[in-house]
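Shown next: protein.csv, given as CSV, C-alpha atoms.
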chain,number,residue,atom,x,y,z
A,1352,MET,CA,-26.2,-255.1,-64.7
A,1353,HIS,CA,-22.9,-256.9,-63.9
A,1354,HIS,CA,-23.4,-259.9,-61.7
A,1355,VAL,CA,-20.9,-261.2,-59.3
A,1356,GLU,CA,-21.0,-264.9,-58.4
A,1357,VAL,CA,-20.3,-265.8,-54.8
A,1358,GLY,CA,-20.0,-269.5,-55.4
A,1359,PRO,CA,-20.0,-272.3,-52.9
A,1360,LEU,CA,-16.3,-273.1,-53.5
A,1361,SER,CA,-15.4,-269.6,-52.3
A,1362,GLY,CA,-17.2,-270.5,-49.0
A,1363,ARG,CA,-15.4,-273.8,-48.5
A,1364,LEU,CA,-13.0,-272.4,-45.9
A,1365,LEU,CA,-16.1,-271.6,-43.8
A,1366,ARG,CA,-18.6,-274.2,-44.8
A,1367,ASP,CA,-16.4,-277.3,-44.5
A,1368,PRO,CA,-15.4,-276.7,-40.9
A,1369,ALA,CA,-19.0,-276.0,-40.0
A,1370,ASN,CA,-20.1,-279.3,-41.6
A,1371,ARG,CA,-17.4,-281.1,-39.8
A,1372,LEU,CA,-18.6,-279.6,-36.5
A,1373,LEU,CA,-22.2,-280.8,-37.2
A,1374,ALA,CA,-20.9,-284.3,-38.0
A,1375,ALA,CA,-18.8,-284.3,-34.8
A,1376,ARG,CA,-21.8,-283.3,-32.7
A,1377,SER,CA,-23.9,-286.1,-34.2
A,1378,ALA,CA,-21.1,-288.6,-33.8
A,1379,ALA,CA,-20.8,-287.7,-30.1
A,1380,GLY,CA,-24.1,-289.5,-29.6
A,1381,ALA,CA,-25.4,-286.9,-27.1
A,1382,SER,CA,-28.3,-285.9,-29.5
A,1383,GLN,CA,-30.6,-288.9,-29.8
A,1384,PRO,CA,-34.3,-289.1,-30.9
A,1385,THR,CA,-36.4,-290.2,-28.0
A,1386,SER,CA,-39.5,-292.5,-27.8
A,1387,GLU,CA,-41.5,-289.6,-26.4
A,1388,SER,CA,-44.6,-288.3,-28.3
A,1389,ALA,CA,-44.0,-285.4,-30.6
A,1390,MET,CA,-45.8,-282.9,-32.8
A,1391,VAL,CA,-44.1,-281.5,-35.9
A,1392,PHE,CA,-45.4,-278.2,-37.2
A,1393,ALA,CA,-44.6,-277.6,-40.9
A,1394,PRO,CA,-45.4,-274.3,-42.6
A,1395,HIS,CA,-45.7,-276.1,-46.0
A,1396,PRO,CA,-45.9,-279.7,-47.1
A,1397,ASP,CA,-42.3,-280.8,-47.5
A,1398,ASP,CA,-40.7,-278.8,-44.7
A,1399,GLU,CA,-41.3,-281.7,-42.3
A,1400,THR,CA,-39.4,-284.1,-44.5
A,1401,LEU,CA,-36.6,-281.7,-45.4
A,1402,ALA,CA,-35.8,-280.6,-41.9
A,1403,CYS,CA,-36.6,-283.5,-39.7
A,1404,GLY,CA,-37.7,-286.5,-41.8
A,1405,GLY,CA,-34.9,-288.5,-40.5
A,1406,VAL,CA,-35.8,-287.8,-36.8
A,1407,ILE,CA,-39.4,-288.5,-37.5
A,1408,ALA,CA,-38.6,-291.9,-39.0
A,1409,LEU,CA,-36.2,-292.7,-36.2
A,1410,LYS,CA,-38.7,-291.7,-33.5
A,1411,VAL,CA,-41.4,-293.9,-35.1
A,1412,ARG,CA,-38.9,-296.8,-35.1
A,1413,ARG,CA,-38.4,-296.3,-31.4
A,1414,GLY,CA,-42.2,-296.5,-30.8
A,1415,ALA,CA,-42.9,-292.8,-30.5
A,1416,ARG,CA,-46.2,-291.5,-31.7
A,1417,VAL,CA,-45.5,-288.6,-34.0
A,1418,ARG,CA,-48.2,-286.2,-35.3
A,1419,ILE,CA,-47.6,-283.8,-38.2
A,1420,VAL,CA,-49.4,-280.5,-38.6
A,1421,PHE,CA,-49.3,-278.6,-41.9
A,1422,LEU,CA,-50.2,-275.0,-41.4
A,1423,THR,CA,-50.7,-273.7,-44.9
A,1424,ASP,CA,-52.2,-275.4,-48.0
A,1425,GLY,CA,-49.1,-274.9,-50.2
A,1426,SER,CA,-51.2,-273.4,-52.9
A,1427,ARG,CA,-48.9,-270.6,-53.9
A,1428,SER,CA,-48.4,-271.5,-57.5
A,1429,PRO,CA,-45.1,-270.2,-59.0
A,1430,VAL,CA,-46.5,-270.3,-62.6
A,1431,ALA,CA,-49.9,-269.2,-64.0
A,1432,SER,CA,-50.5,-272.6,-65.7
A,1433,VAL,CA,-51.3,-274.3,-62.3
A,1434,ALA,CA,-54.4,-273.2,-60.4
A,1435,PRO,CA,-53.8,-272.6,-56.7
A,1436,GLU,CA,-56.8,-274.9,-55.8
A,1437,ASP,CA,-55.4,-277.7,-57.9
A,1438,LEU,CA,-52.0,-277.3,-56.3
A,1439,ALA,CA,-53.5,-277.3,-52.8
A,1440,ARG,CA,-55.3,-280.6,-53.5
A,1441,ALA,CA,-52.1,-282.1,-54.9
A,1442,ARG,CA,-50.0,-281.0,-51.9
A,1443,ALA,CA,-52.5,-282.3,-49.4
A,1444,THR,CA,-52.3,-285.8,-51.0
A,1445,GLU,CA,-48.5,-285.6,-51.2
A,1446,ALA,CA,-48.3,-284.6,-47.5
A,1447,LYS,CA,-50.3,-287.6,-46.4
A,1448,GLU,CA,-48.2,-289.9,-48.6
A,1449,ALA,CA,-44.9,-288.5,-47.3
A,1450,ALA,CA,-46.1,-288.8,-43.7
A,1451,ALA,CA,-47.0,-292.5,-44.3
A,1452,VAL,CA,-43.6,-293.2,-45.7
A,1453,LEU,CA,-42.1,-291.7,-42.5
A,1454,GLY,CA,-44.3,-293.9,-40.4
A,1455,VAL,CA,-47.0,-291.4,-39.5
A,1456,PRO,CA,-50.6,-292.6,-40.4
A,1457,GLU,CA,-53.2,-290.3,-41.9
A,1458,GLU,CA,-55.1,-290.0,-38.6
A,1459,ASP,CA,-52.1,-288.3,-37.1
A,1460,VAL,CA,-51.8,-285.7,-39.9
A,1461,SER,CA,-53.6,-282.4,-39.6
A,1462,LEU,CA,-54.0,-280.0,-42.6
A,1463,LEU,CA,-55.0,-276.6,-41.2
A,1464,GLY,CA,-55.3,-275.1,-44.7
A,1465,PHE,CA,-54.2,-271.5,-44.1
A,1466,PRO,CA,-53.3,-269.6,-47.3
A,1467,ASP,CA,-49.8,-270.2,-48.5
A,1468,GLY,CA,-47.7,-267.0,-48.3
A,1469,ARG,CA,-50.2,-265.2,-46.0
A,1470,LEU,CA,-49.8,-267.1,-42.8
A,1471,GLY,CA,-48.8,-263.9,-41.0
A,1472,GLU,CA,-52.3,-262.5,-41.7
A,1473,GLU,CA,-53.9,-265.4,-39.8
A,1474,LEU,CA,-51.9,-265.3,-36.6
A,1475,ASP,CA,-54.8,-265.2,-34.1
A,1476,GLU,CA,-56.8,-267.9,-35.8
A,1477,ALA,CA,-53.8,-270.1,-36.4
A,1478,THR,CA,-52.6,-269.7,-32.8
A,1479,SER,CA,-56.0,-270.7,-31.5
A,1480,ARG,CA,-56.2,-273.8,-33.6
A,1481,VAL,CA,-52.6,-274.9,-32.8
A,1482,ARG,CA,-53.3,-274.3,-29.1
A,1483,GLY,CA,-56.3,-276.6,-29.4
A,1484,LEU,CA,-54.2,-279.4,-31.0
A,1485,LEU,CA,-51.5,-279.0,-28.3
A,1486,GLU,CA,-54.2,-279.3,-25.6
A,1487,ASP,CA,-55.8,-282.3,-27.2
A,1488,TRP,CA,-52.6,-284.2,-28.0
A,1489,ARG,CA,-50.3,-283.0,-25.2
A,1490,PRO,CA,-47.0,-284.0,-26.9
A,1491,HIS,CA,-43.8,-284.2,-24.9
A,1492,GLU,CA,-41.8,-282.7,-27.8
A,1493,VAL,CA,-42.6,-280.0,-30.3
A,1494,TYR,CA,-40.8,-279.4,-33.6
A,1495,LEU,CA,-41.2,-276.0,-35.2
A,1496,PRO,CA,-39.4,-273.7,-37.7
A,1497,TRP,CA,-36.3,-271.7,-36.7
A,1498,ALA,CA,-37.6,-268.3,-35.6
A,1499,LEU,CA,-35.2,-266.5,-37.8
A,1500,ASP,CA,-35.6,-268.6,-40.9
A,1501,PRO,CA,-35.5,-266.2,-43.9
A,1502,GLN,CA,-39.0,-267.0,-45.1
A,1503,THR,CA,-42.1,-265.2,-43.9
A,1504,ASP,CA,-44.4,-268.2,-43.5
A,1505,HIS,CA,-41.7,-270.0,-41.5
A,1506,GLN,CA,-41.2,-267.0,-39.2
A,1507,SER,CA,-45.0,-266.8,-38.8
A,1508,ALA,CA,-45.3,-270.5,-38.0
A,1509,SER,CA,-42.6,-270.2,-35.3
A,1510,ARG,CA,-44.5,-267.3,-33.8
A,1511,ILE,CA,-47.8,-269.1,-33.9
A,1512,VAL,CA,-46.5,-272.3,-32.2
A,1513,THR,CA,-44.5,-270.3,-29.6
A,1514,ALA,CA,-47.6,-268.3,-28.7
A,1515,ALA,CA,-49.7,-271.4,-28.6
A,1516,LEU,CA,-47.3,-272.9,-26.0
A,1517,ALA,CA,-47.8,-270.0,-23.7
A,1518,GLY,CA,-49.3,-271.0,-20.4
A,1519,THR,CA,-48.6,-274.7,-21.2
A,1520,THR,CA,-49.6,-277.1,-18.4
A,1521,ARG,CA,-46.8,-279.5,-19.1
A,1522,ARG,CA,-43.0,-279.3,-19.6
A,1523,THR,CA,-42.4,-279.3,-23.4
A,1524,VAL,CA,-39.1,-279.9,-25.1
A,1525,CYS,CA,-38.9,-277.8,-28.3
A,1526,TYR,CA,-36.7,-278.2,-31.4
A,1527,GLN,CA,-36.5,-275.4,-33.8
A,1528,TYR,CA,-35.3,-276.5,-37.3
A,1529,PRO,CA,-33.8,-274.5,-40.1
A,1530,VAL,CA,-34.9,-274.8,-43.8
A,1531,TRP,CA,-34.3,-271.7,-45.9
A,1532,PHE,CA,-31.5,-270.8,-43.5
A,1533,TRP,CA,-29.4,-273.2,-45.6
A,1534,HIS,CA,-30.3,-271.3,-48.8
A,1535,THR,CA,-27.6,-268.7,-48.1
A,1536,TRP,CA,-23.9,-268.4,-48.6
A,1537,PRO,CA,-21.6,-270.2,-47.7
A,1538,TRP,CA,-24.0,-273.2,-47.8
A,1539,VAL,CA,-25.0,-272.4,-51.4
A,1540,GLY,CA,-23.6,-270.0,-54.1
A,1541,ARG,CA,-25.2,-266.6,-54.6
A,1542,SER,CA,-25.4,-264.2,-57.5
A,1543,VAL,CA,-25.4,-260.5,-56.5
A,1544,GLY,CA,-25.8,-257.3,-58.4
A,1545,SER,CA,-22.6,-255.6,-57.5
A,1546,ARG,CA,-19.3,-256.2,-55.9
A,1547,ARG,CA,-20.3,-254.0,-53.0
A,1548,SER,CA,-23.1,-256.5,-52.3
A,1549,VAL,CA,-20.5,-259.2,-51.8
A,1550,LEU,CA,-19.5,-257.7,-48.4
A,1551,GLY,CA,-23.1,-258.1,-47.3
A,1552,ILE,CA,-23.2,-261.7,-48.4
A,1553,TYR,CA,-20.0,-262.4,-46.5
A,1554,TRP,CA,-21.3,-260.7,-43.4
A,1555,ARG,CA,-24.5,-262.6,-43.4
A,1556,GLY,CA,-22.6,-265.8,-44.0
A,1557,LEU,CA,-20.4,-265.2,-41.0
A,1558,ARG,CA,-23.5,-264.6,-38.9
A,1559,SER,CA,-25.1,-267.9,-40.2
A,1560,LEU,CA,-21.9,-269.8,-39.2
A,1561,GLY,CA,-22.2,-268.2,-35.7
A,1562,THR,CA,-25.8,-269.5,-35.5
A,1563,VAL,CA,-24.6,-273.0,-36.3
A,1564,VAL,CA,-22.0,-272.9,-33.7
A,1565,THR,CA,-24.1,-271.3,-30.9
A,1566,ARG,CA,-27.6,-272.4,-31.6
A,1567,PHE,CA,-27.9,-275.6,-33.7
A,1568,ARG,CA,-26.1,-277.7,-31.0
A,1569,TRP,CA,-28.6,-280.6,-31.1
A,1570,VAL,CA,-27.5,-282.6,-34.1
A,1571,VAL,CA,-28.9,-286.0,-34.8
A,1572,ASP,CA,-27.2,-288.7,-36.9
A,1573,VAL,CA,-29.9,-289.7,-39.3
A,1574,ARG,CA,-27.8,-291.7,-41.8
A,1575,SER,CA,-29.8,-294.9,-41.1
A,1576,ALA,CA,-33.0,-293.1,-42.1
A,1577,LEU,CA,-31.8,-291.3,-45.2
A,1578,ASP,CA,-33.4,-293.8,-47.6
A,1579,THR,CA,-36.7,-293.4,-45.9
A,1580,LYS,CA,-36.3,-289.6,-46.0
A,1581,ARG,CA,-35.5,-289.7,-49.7
A,1582,ALA,CA,-38.6,-291.8,-50.3
A,1583,ALA,CA,-40.8,-289.4,-48.3
A,1584,LEU,CA,-39.4,-286.4,-50.1
A,1585,ALA,CA,-40.1,-288.1,-53.5
A,1586,CYS,CA,-43.8,-288.1,-52.5
A,1587,HIS,CA,-43.8,-284.3,-52.7
A,1588,ARG,CA,-43.9,-284.6,-56.4
A,1589,SER,CA,-45.0,-281.0,-57.0
A,1590,GLN,CA,-41.8,-279.8,-55.4
A,1591,MET,CA,-39.5,-282.5,-56.8
A,1592,GLU,CA,-40.6,-282.7,-60.4
A,1593,VAL,CA,-41.8,-280.3,-63.1
A,1594,LEU,CA,-45.6,-280.2,-63.1
A,1595,GLY,CA,-47.1,-280.8,-66.5
A,1596,ASP,CA,-45.1,-279.5,-69.4
A,1597,ASP,CA,-44.2,-276.1,-68.0
A,1598,PRO,CA,-40.4,-275.7,-68.0
A,1599,ALA,CA,-40.7,-272.7,-65.8
A,1600,TRP,CA,-41.8,-274.8,-62.9
A,1601,PRO,CA,-39.1,-274.6,-60.2
A,1602,THR,CA,-38.1,-277.8,-58.3
A,1603,LEU,CA,-36.1,-278.3,-55.1
A,1604,PRO,CA,-33.3,-280.3,-56.8
A,1605,ASP,CA,-32.7,-277.4,-59.2
A,1606,LEU,CA,-32.2,-274.8,-56.5
A,1607,SER,CA,-28.6,-273.6,-56.4
A,1608,GLY,CA,-27.5,-276.4,-58.7
A,1609,GLY,CA,-28.4,-279.0,-56.1
A,1610,ASP,CA,-26.4,-277.4,-53.2
A,1611,PHE,CA,-29.6,-276.6,-51.3
A,1612,MET,CA,-30.9,-280.2,-51.4
A,1613,ALA,CA,-27.5,-281.5,-50.4
A,1614,CYS,CA,-27.8,-279.6,-47.1
A,1615,PHE,CA,-30.6,-281.9,-46.0
A,1616,PHE,CA,-28.8,-285.2,-46.9
A,1617,ARG,CA,-25.5,-284.7,-45.1
A,1618,GLY,CA,-26.4,-287.4,-42.6
A,1619,GLN,CA,-27.3,-285.0,-39.8
A,1620,GLU,CA,-30.3,-283.0,-38.8
A,1621,ALA,CA,-29.6,-279.9,-36.7
A,1622,PHE,CA,-31.9,-278.2,-34.2
A,1623,TYR,CA,-32.0,-275.5,-31.6
A,1624,ARG,CA,-33.3,-277.4,-28.5
A,1625,TYR,CA,-34.8,-275.7,-25.4
A,1626,VAL,CA,-37.3,-276.5,-22.7
A,1627,VAL,CA,-40.5,-274.6,-22.1
A,1628,PRO,CA,-41.3,-275.1,-18.4
A,1629,VAL,CA,-44.9,-275.3,-17.1
A,1630,GLY,CA,-46.5,-271.8,-17.3
A,1631,SER,CA,-43.4,-270.2,-18.8
A,1632,GLY,CA,-45.2,-268.2,-21.4
A,1633,GLY,CA,-44.0,-270.4,-24.2
A,1634,HIS,CA,-41.3,-268.2,-25.6
A,1635,ALA,CA,-37.9,-269.6,-26.6
A,1636,GLU,CA,-36.1,-266.9,-24.7
A,1637,ASN,CA,-37.9,-268.0,-21.5
A,1638,GLY,CA,-37.1,-271.7,-22.0
A,1639,ARG,CA,-33.9,-273.3,-20.8
A,1640,ALA,CA,-31.6,-274.1,-23.7
A,1641,GLU,CA,-30.3,-277.7,-23.5
A,1642,GLY,CA,-28.0,-277.8,-26.5
A,1643,ARG,CA,-24.9,-279.8,-26.3

Show how you would write the structure in this file as structure tokens.
Amino acid sequence: MHHVEVGPLSGRLLRDPANRLLAARSAAGASQPTSESAMVFAPHPDDETLACGGVIALKVRRGARVRIVFLTDGSRSPVASVAPEDLARARATEAKEAAAVLGVPEEDVSLLGFPDGRLGEELDEATSRVRGLLEDWRPHEVYLPWALDPQTDHQSASRIVTAALAGTTRRTVCYQYPVWFWHTWPWVGRSVGSRRSVLGIYWRGLRSLGTVVTRFRWVVDVRSALDTKRAALACHRSQMEVLGDDPAWPTLPDLSGGDFMACFFRGQEAFYRYVVPVGSGGHAENGRAEGR
């Protein structure tokens, strides 16, 4: 089949102004990490570092207590040569090491261990466990995946945390963060099967730009924490390096020729910020958006 490359250069007219907008929002100084306690919910080990490692490090520097909850065990092995149980053990160790680099001690890390790739099958149990953690720790802020992130575990994680916040007995400030949202054109190049598919790529790209403009309005300048973020991400060795001698092992730096990784090291971290009032039901649409 003939493949059409929709490269990142072709998206420059859209991507560059959006990146300048993100930089301008962070430079305005309105979006600042607070010293309030926070819980960060990551569908898989590495999501916490990719999406908000800079914010975590900055909050810790300001004296905030940050707790990280990993919902799945990260055991979905992309190659047959690595056993899922071995990968799960490796990723648990990596998660704790990365958290420590960000300033979060092991006692503030929770590994819920739900099966990677099947979080949607565990909604009730996961919601119950997350609700228990929220009731025990009572954080002022909650970080969770963007509800429309194009990855099923991320969508499920967002649903779980949102449901767990239902009936909250305290005002909670929520920050939804994108991860796989950035793995789309115009942020990275795409190869499609036909020229007709290009129109769909363009349409979805325009919609993603609209999301940046209208939703990801809370943009934090994390340039002073980028070295810490890089060091934490390096701890996720199973995602950053080829495991063993299997050349088929995919790594984050290889995705889209490095363009995907570049999205997380622009110097800003972007969030959809909203407030869940007491007893609101916990849903984003019921919360009051406070983006700037």

**Request:** Quick one: pull the distance between atom CA of A:Val1627 and atom CA of A:Val1411, Å, one decimal.
**Result:** 23.3 Å

Name the residues, using the chain letters and numbers of the file, that sit within 12 Å of (-46.6, -288.5, -53.0) when counting all atoms listed in the file, and give them as a JSON list (two decimals) with C-alpha atoms, keeping the file's coordinate frame.
[["chain", "number", "residue", "atom", "x", "y", "z"],
["A", 1396, "PRO", "CA", -45.90, -279.70, -47.10],
["A", 1397, "ASP", "CA", -42.30, -280.80, -47.50],
["A", 1400, "THR", "CA", -39.40, -284.10, -44.50],
["A", 1440, "ARG", "CA", -55.30, -280.60, -53.50],
["A", 1441, "ALA", "CA", -52.10, -282.10, -54.90],
["A", 1442, "ARG", "CA", -50.00, -281.00, -51.90],
["A", 1443, "ALA", "CA", -52.50, -282.30, -49.40],
["A", 1444, "THR", "CA", -52.30, -285.80, -51.00],
["A", 1445, "GLU", "CA", -48.50, -285.60, -51.20],
["A", 1446, "ALA", "CA", -48.30, -284.60, -47.50],
["A", 1447, "LYS", "CA", -50.30, -287.60, -46.40],
["A", 1448, "GLU", "CA", -48.20, -289.90, -48.60],
["A", 1449, "ALA", "CA", -44.90, -288.50, -47.30],
["A", 1450, "ALA", "CA", -46.10, -288.80, -43.70],
["A", 1451, "ALA", "CA", -47.00, -292.50, -44.30],
["A", 1452, "VAL", "CA", -43.60, -293.20, -45.70],
["A", 1453, "LEU", "CA", -42.10, -291.70, -42.50],
["A", 1581, "ARG", "CA", -35.50, -289.70, -49.70],
["A", 1582, "ALA", "CA", -38.60, -291.80, -50.30],
["A", 1583, "ALA", "CA", -40.80, -289.40, -48.30],
["A", 1584, "LEU", "CA", -39.40, -286.40, -50.10],
["A", 1585, "ALA", "CA", -40.10, -288.10, -53.50],
["A", 1586, "CYS", "CA", -43.80, -288.10, -52.50],
["A", 1587, "HIS", "CA", -43.80, -284.30, -52.70],
["A", 1588, "ARG", "CA", -43.90, -284.60, -56.40],
["A", 1589, "SER", "CA", -45.00, -281.00, -57.00],
["A", 1590, "GLN", "CA", -41.80, -279.80, -55.40],
["A", 1591, "MET", "CA", -39.50, -282.50, -56.80],
["A", 1592, "GLU", "CA", -40.60, -282.70, -60.40]]

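Note that the spacing between atom CA of A:Leu1557 and atom CA of A:Asp1367 amounts to 13.2 Å.
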
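Each of A:Gly1425, A:Gly1464, A:Gly1483, A:Gly1618 was checked against A:Ala1576 using only C-alpha atoms; the smallest atom-to-atom distance is that of A:Gly1618.
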
**Asked** When distances are computed from only C-alpha atoms, which of A:Val1573, A:Asp1504, A:Val1593, A:Ala1498 shows the smallest separation from A:Gln1383?
**Response**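 Looking at the shortest contact to A:Gln1383, the residue is A:Val1573.
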
**Request:** Would you work out the distance separating atom CA of A:Phe1465 from atom CA of A:Asp1437, expressed in Å to one decimal?
**Result:**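 Separation of atom CA of A:Phe1465 and atom CA of A:Asp1437: 15.2 Å.
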
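Shortest separation to A:Ala1389 among A:Val1455, A:Leu1372, A:Leu1474, A:Ala1508 occurs at residue A:Val1455, atoms counted being only C-alpha atoms.
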
**Message:** I need the residue nearest A:Pro1435 from this list: A:Leu1516, A:Pro1466, A:Val1570, A:Pro1496. Use all atoms listed in the file for the distance.
**Reply:**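 Closest residue, counting all atoms listed in the file: A:Pro1466.
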
**Item:** Nearest to A:Pro1628, chosen from A:Ser1575, A:Thr1523, A:Thr1562, A:Thr1385, with only C-alpha atoms counted in the distances
**Value:**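 Looking at the shortest contact to A:Pro1628, the residue is A:Thr1523.
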
**Prompt:** Skipping near chain neighbours, those fewer than 6 positions away, what residues fall within 12 Å of A:Arg1489 using only C-alpha atoms, listed as a ChimeraX atom specification?
**Reply:** /A:1387-1390,1416-1418,1481-1483,1516,1519-1524

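Residue neighbourhood of A:Arg1574, excluding near-sequence residues (fewer than 3 positions): A:Ala1374, A:Ser1377, A:Ala1378, A:Gly1404, A:Gly1405, A:Val1406, A:Ala1408, A:Leu1409, A:Val1570, A:Val1571, A:Leu1577, A:Asp1578, A:Thr1579, A:Lys1580, A:Arg1581, A:Phe1615, A:Phe1616, A:Arg1617, A:Gly1618, A:Gln1619, A:Glu1620, at 12 Å, using only C-alpha atoms.
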
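Of the listed residues (A:Pro1368, A:Pro1456, A:Gly1630, A:Gly1471), A:Gly1471 comes nearest to A:Ser1507; the distances count all atoms listed in the file.
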
**Selection: 12 Å around A:Arg1480, all atoms listed in the file, excl. self and same-chain fewer than 2 positions, as a list in words** = Val1420, Phe1421, Leu1422, Ser1461, Leu1462, Leu1463, Gly1464, Phe1465, Glu1473, Leu1474, Asp1475, Glu1476, Ala1477, Thr1478, Arg1482, Gly1483, Leu1484, Leu1485, Glu1486, Asp1487, Ile1511, Val1512, Ala1514, Ala1515 and Leu1516 of chain A

Contacts of A:Val1391 at 10 Å (all atoms listed in the file; same-chain gap of 2+ positions) as a compact mmCIF listing (two decimals) with C-alpha atoms, keeping the file's coordinate frame:
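The resulting file, around_16.txt, is reproduced below:
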# COMPACT_ATOMS: atom_id res chain seq x y z
CA ALA A 1389 -44.00 -285.40 -30.60
CA ALA A 1393 -44.60 -277.60 -40.90
CA PRO A 1394 -45.40 -274.30 -42.60
CA ASP A 1398 -40.70 -278.80 -44.70
CA GLU A 1399 -41.30 -281.70 -42.30
CA CYS A 1403 -36.60 -283.50 -39.70
CA ILE A 1407 -39.40 -288.50 -37.50
CA VAL A 1417 -45.50 -288.60 -34.00
CA ARG A 1418 -48.20 -286.20 -35.30
CA ILE A 1419 -47.60 -283.80 -38.20
CA VAL A 1420 -49.40 -280.50 -38.60
CA PHE A 1421 -49.30 -278.60 -41.90
CA VAL A 1460 -51.80 -285.70 -39.90
CA PRO A 1490 -47.00 -284.00 -26.90
CA GLU A 1492 -41.80 -282.70 -27.80
CA VAL A 1493 -42.60 -280.00 -30.30
CA TYR A 1494 -40.80 -279.40 -33.60
CA LEU A 1495 -41.20 -276.00 -35.20
CA PRO A 1496 -39.40 -273.70 -37.70
CA CYS A 1525 -38.90 -277.80 -28.30
CA TYR A 1526 -36.70 -278.20 -31.40
CA GLN A 1527 -36.50 -275.40 -33.80

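Near (-29.4, -278.8, -52.6), the residues inside the 12 Å limit, counting all atoms listed in the file, come to Pro1359, Leu1401, Val1530, Trp1531, Trp1533, His1534, Thr1535, Trp1538, Val1539, Gly1540, Met1591, Thr1602, Leu1603, Pro1604, Asp1605, Leu1606, Ser1607, Gly1608, Gly1609, Asp1610, Phe1611, Met1612, Ala1613, Cys1614, Phe1615, Phe1616 and Arg1617 of chain A.
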